[in-house]
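*Asks:* The structure under discussion is supplied below as structure tokens; questions concerning it will follow.
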Amino acid sequence: MAGIGFEDLLPVMANKLGGEGLMKELCNGFELLVDKEKGVITLESLREKAALLGLQDLKEDELVSMMTEGDLDGDGALTQMEFCVLMFRLSPELMEESWFWLEDALQHEQLNQHHNNTDSNSSI
């Protein structure tokens, strides 16, 4: 039986916690992995602390790949923002859901604007 990967759990967490709760949990994950002296996640801190997030089975090349993929500014470390972006990118299902959330928010905003414009026009 195959194990459940982190990318499988992220959408479940998002559904249970909502957007704000998920971001808080991602921040907690960042805090677990961060190099306390440098304030960022380094390859060394990721290597040492990966088991805290259930990632102990990741091979060295997978850890390096995670760091490379997440390191948007090329400084060899992950800031909190880069870590959160990486977690979303590692979860295709969550990325897909975030497009639905965005689309829903945009539709809601358009309805509000249409409603407000209709109210303005009716008072003329």
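How things are named: the first chain in the structure tokens is A, the next is B, and so on; residues count from 1 in each chain; ligands count from 1 in the order shown.
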Env of Phe30 (chain A): 12 Å cut, atoms = only C-alpha atoms, seq-sep filter 2 positions within chain, self excluded. Answer as an mmCIF file with N, CA and C atoms, in the first residue's frame.
*Replies:*
data_model
loop_
_atom_site.group_PDB
_atom_site.id
_atom_site.type_symbol
_atom_site.label_atom_id
_atom_site.label_comp_id
_atom_site.auth_asym_id
_atom_site.auth_seq_id
_atom_site.Cartn_x
_atom_site.Cartn_y
_atom_site.Cartn_z
ATOM 1 N N MET A 23 -3.041 28.948 5.923
ATOM 2 C CA MET A 23 -1.845 29.783 5.930
ATOM 3 C C MET A 23 -1.163 29.742 7.293
ATOM 4 N N LYS A 24 -1.962 29.711 8.364
ATOM 5 C CA LYS A 24 -1.385 29.624 9.713
ATOM 6 C C LYS A 24 -0.623 28.312 9.873
ATOM 7 N N GLU A 25 -1.208 27.206 9.375
ATOM 8 C CA GLU A 25 -0.531 25.915 9.469
ATOM 9 C C GLU A 25 0.740 25.889 8.631
ATOM 10 N N LEU A 26 0.699 26.507 7.456
ATOM 11 C CA LEU A 26 1.910 26.579 6.634
ATOM 12 C C LEU A 26 2.988 27.383 7.353
ATOM 13 N N CYS A 27 2.583 28.449 8.026
ATOM 14 C CA CYS A 27 3.551 29.238 8.806
ATOM 15 C C CYS A 27 4.143 28.395 9.926
ATOM 16 N N ASN A 28 3.309 27.582 10.553
ATOM 17 C CA ASN A 28 3.811 26.684 11.602
ATOM 18 C C ASN A 28 4.816 25.697 11.021
ATOM 19 N N LEU A 32 8.844 25.184 11.957
ATOM 20 C CA LEU A 32 9.465 23.903 12.318
ATOM 21 C C LEU A 32 10.761 23.674 11.542
ATOM 22 N N LEU A 33 10.793 24.111 10.291
ATOM 23 C CA LEU A 33 11.931 23.820 9.414
ATOM 24 C C LEU A 33 12.989 24.916 9.367
ATOM 25 N N VAL A 34 12.676 26.077 9.904
ATOM 26 C CA VAL A 34 13.554 27.227 9.760
ATOM 27 C C VAL A 34 14.874 27.041 10.528
ATOM 28 N N ASP A 35 15.928 27.579 9.954
ATOM 29 C CA ASP A 35 17.208 27.687 10.652
ATOM 30 C C ASP A 35 17.050 28.907 11.559
ATOM 31 N N LYS A 36 16.987 28.675 12.860
ATOM 32 C CA LYS A 36 16.659 29.743 13.819
ATOM 33 C C LYS A 36 17.636 30.923 13.748
ATOM 34 N N GLY A 39 16.869 32.579 10.047
ATOM 35 C CA GLY A 39 15.496 33.009 9.805
ATOM 36 C C GLY A 39 14.903 32.538 8.485
ATOM 37 N N VAL A 40 15.556 31.578 7.850
ATOM 38 C CA VAL A 40 15.084 31.002 6.588
ATOM 39 C C VAL A 40 15.280 29.489 6.653
ATOM 40 N N ILE A 41 14.667 28.777 5.714
ATOM 41 C CA ILE A 41 14.904 27.335 5.614
ATOM 42 C C ILE A 41 16.110 27.136 4.702
ATOM 43 N N THR A 42 17.099 26.451 5.213
ATOM 44 C CA THR A 42 18.278 26.112 4.420
ATOM 45 C C THR A 42 18.204 24.626 4.081
ATOM 46 N N SER A 45 18.835 22.792 7.298
ATOM 47 C CA SER A 45 17.721 22.744 8.248
ATOM 48 C C SER A 45 16.609 21.842 7.722
ATOM 49 N N LEU A 46 16.388 21.851 6.408
ATOM 50 C CA LEU A 46 15.378 20.968 5.811
ATOM 51 C C LEU A 46 15.786 19.512 6.003
ATOM 52 N N LYS A 49 15.383 18.529 9.759
ATOM 53 C CA LYS A 49 14.065 18.607 10.386
ATOM 54 C C LYS A 49 12.921 18.059 9.529
ATOM 55 N N ALA A 50 13.232 17.491 8.375
ATOM 56 C CA ALA A 50 12.184 17.008 7.461
ATOM 57 C C ALA A 50 11.259 15.999 8.132
ATOM 58 N N LEU A 52 10.040 16.012 10.980
ATOM 59 C CA LEU A 52 9.002 16.679 11.774
ATOM 60 C C LEU A 52 7.716 16.874 10.985
ATOM 61 N N LEU A 53 7.849 16.936 9.648
ATOM 62 C CA LEU A 53 6.673 17.087 8.795
ATOM 63 C C LEU A 53 6.335 15.788 8.063
ATOM 64 N N ALA A 77 18.095 29.636 -0.083
ATOM 65 C CA ALA A 77 17.284 29.428 1.118
ATOM 66 C C ALA A 77 15.830 29.760 0.801
ATOM 67 N N LEU A 78 14.925 29.303 1.664
ATOM 68 C CA LEU A 78 13.504 29.582 1.478
ATOM 69 C C LEU A 78 13.007 30.548 2.546
ATOM 70 N N THR A 79 12.447 31.662 2.099
ATOM 71 C CA THR A 79 11.764 32.560 3.024
ATOM 72 C C THR A 79 10.391 31.964 3.316
ATOM 73 N N GLN A 80 9.681 32.573 4.236
ATOM 74 C CA GLN A 80 8.350 32.076 4.568
ATOM 75 C C GLN A 80 7.435 32.122 3.336
ATOM 76 N N MET A 81 7.491 33.197 2.582
ATOM 77 C CA MET A 81 6.668 33.321 1.390
ATOM 78 C C MET A 81 7.031 32.251 0.366
ATOM 79 N N GLU A 82 8.327 32.041 0.138
ATOM 80 C CA GLU A 82 8.761 31.027 -0.824
ATOM 81 C C GLU A 82 8.307 29.637 -0.388
ATOM 82 N N PHE A 83 8.356 29.358 0.922
ATOM 83 C CA PHE A 83 7.918 28.067 1.449
ATOM 84 C C PHE A 83 6.422 27.862 1.179
ATOM 85 N N CYS A 84 5.616 28.883 1.447
ATOM 86 C CA CYS A 84 4.164 28.764 1.230
ATOM 87 C C CYS A 84 3.844 28.566 -0.247
ATOM 88 N N VAL A 85 4.510 29.319 -1.117
ATOM 89 C CA VAL A 85 4.317 29.160 -2.559
ATOM 90 C C VAL A 85 4.694 27.741 -2.972
ATOM 91 N N LEU A 86 5.801 27.242 -2.461
ATOM 92 C CA LEU A 86 6.258 25.893 -2.786
ATOM 93 C C LEU A 86 5.231 24.851 -2.354
ATOM 94 N N MET A 87 4.668 24.998 -1.177
ATOM 95 C CA MET A 87 3.685 24.020 -0.689
ATOM 96 C C MET A 87 2.461 23.987 -1.602
#
*Asks:* Enter the distance from CA of Phe88 (chain A) to CA of Asn112 (chain A), in Å, rounded to one decimal.
*Replies:*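 Separation of CA of Phe88 (chain A) and CA of Asn112 (chain A): 28.9 Å.
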